[in-house]
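First comes the structure, then the notes that go with it.
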Amino acid sequence: MVNKVLIEGKLNLIIEYVNRLKELKSLPLKEFLEDYRNPATAESYLRRALEAVFDIGRHILAKSRGRDLSLEYKGIARGLRELGIVDENLGQKLMQMAGYRNRMVHLYSLVTDEELYEIIQNDLKDFLNFVNSIKEYLAKLQ
């Protein structure tokens, strides 16, 4: 059985992290780059939000399929799409997010401050789309 309280807690974390990233989003690029703490903060909250997304997905897949088929992050994205929990477009975005999560964790020295800025400017809506999809899924379970 899916643990709704656990999932809702992680959804709230995603919303909190996105709200903090939105504060950085309001900065012009020059100002964002001038303070070394801004990219570090963006990277931290972005990574945390990604981890929460995939923790939620892993939990749902483990409980929905009765086994953990989601050891790999892209597998989590595929599984959520296959179960119809997220639509095709969001499933594709989650695949990209999985790749970026792996890049942040394993190839962190290649992540630039400019690309972090670009992500917070253009991609925060994907987190909110995920939150909404999961809330819809949880509502159907009642």
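Going by the structure tokens order, chains are called A, B, ..., each with residues numbered from 1, while ligands are numbered from 1 in the order shown.
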Could you pull the residues within 12 Å of A:Gly9, counting only C-alpha atoms, minus those fewer than 4 positions along the same chain, as a list in words?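 Once the adjacent positions are removed, what remains is Asn3, Lys4, Val5, Leu13, Ile14, Ile15, Glu16, Ala52, Val53, Asp55, Ile56, Val131 and Lys135 of chain A.
Once A:Leu94 and its same-chain neighbours fewer than 3 positions away are set aside, Leu50, Val53, Phe54, Tyr73, Lys74, Gly75, Ile76, Ala77, Arg78, Leu80, Arg81, Val86, Glu88, Asn89, Leu90, Gly91, Met97, Ala98, Gly99, Tyr100, Asp126, Phe127 and Phe130 of chain A remain within 10 Å of it when counting only C-alpha atoms.
Contact shell of A:Val2 at 8 Å (only C-alpha atoms; same-chain neighbours under 4 positions omitted): His59, Ile60, Lys63 and Ser64 of chain A.
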Restricting to only C-alpha atoms, whichever of A:Glu23, A:Glu114, A:Asp35, A:Asp123 is closest to A:Gln96 is A:Asp123
Using only C-alpha atoms for the distances, tell me which of A:Leu24, A:Ile85, A:Leu124, A:Val111 is nearest to A:Ala139. A:Ile85
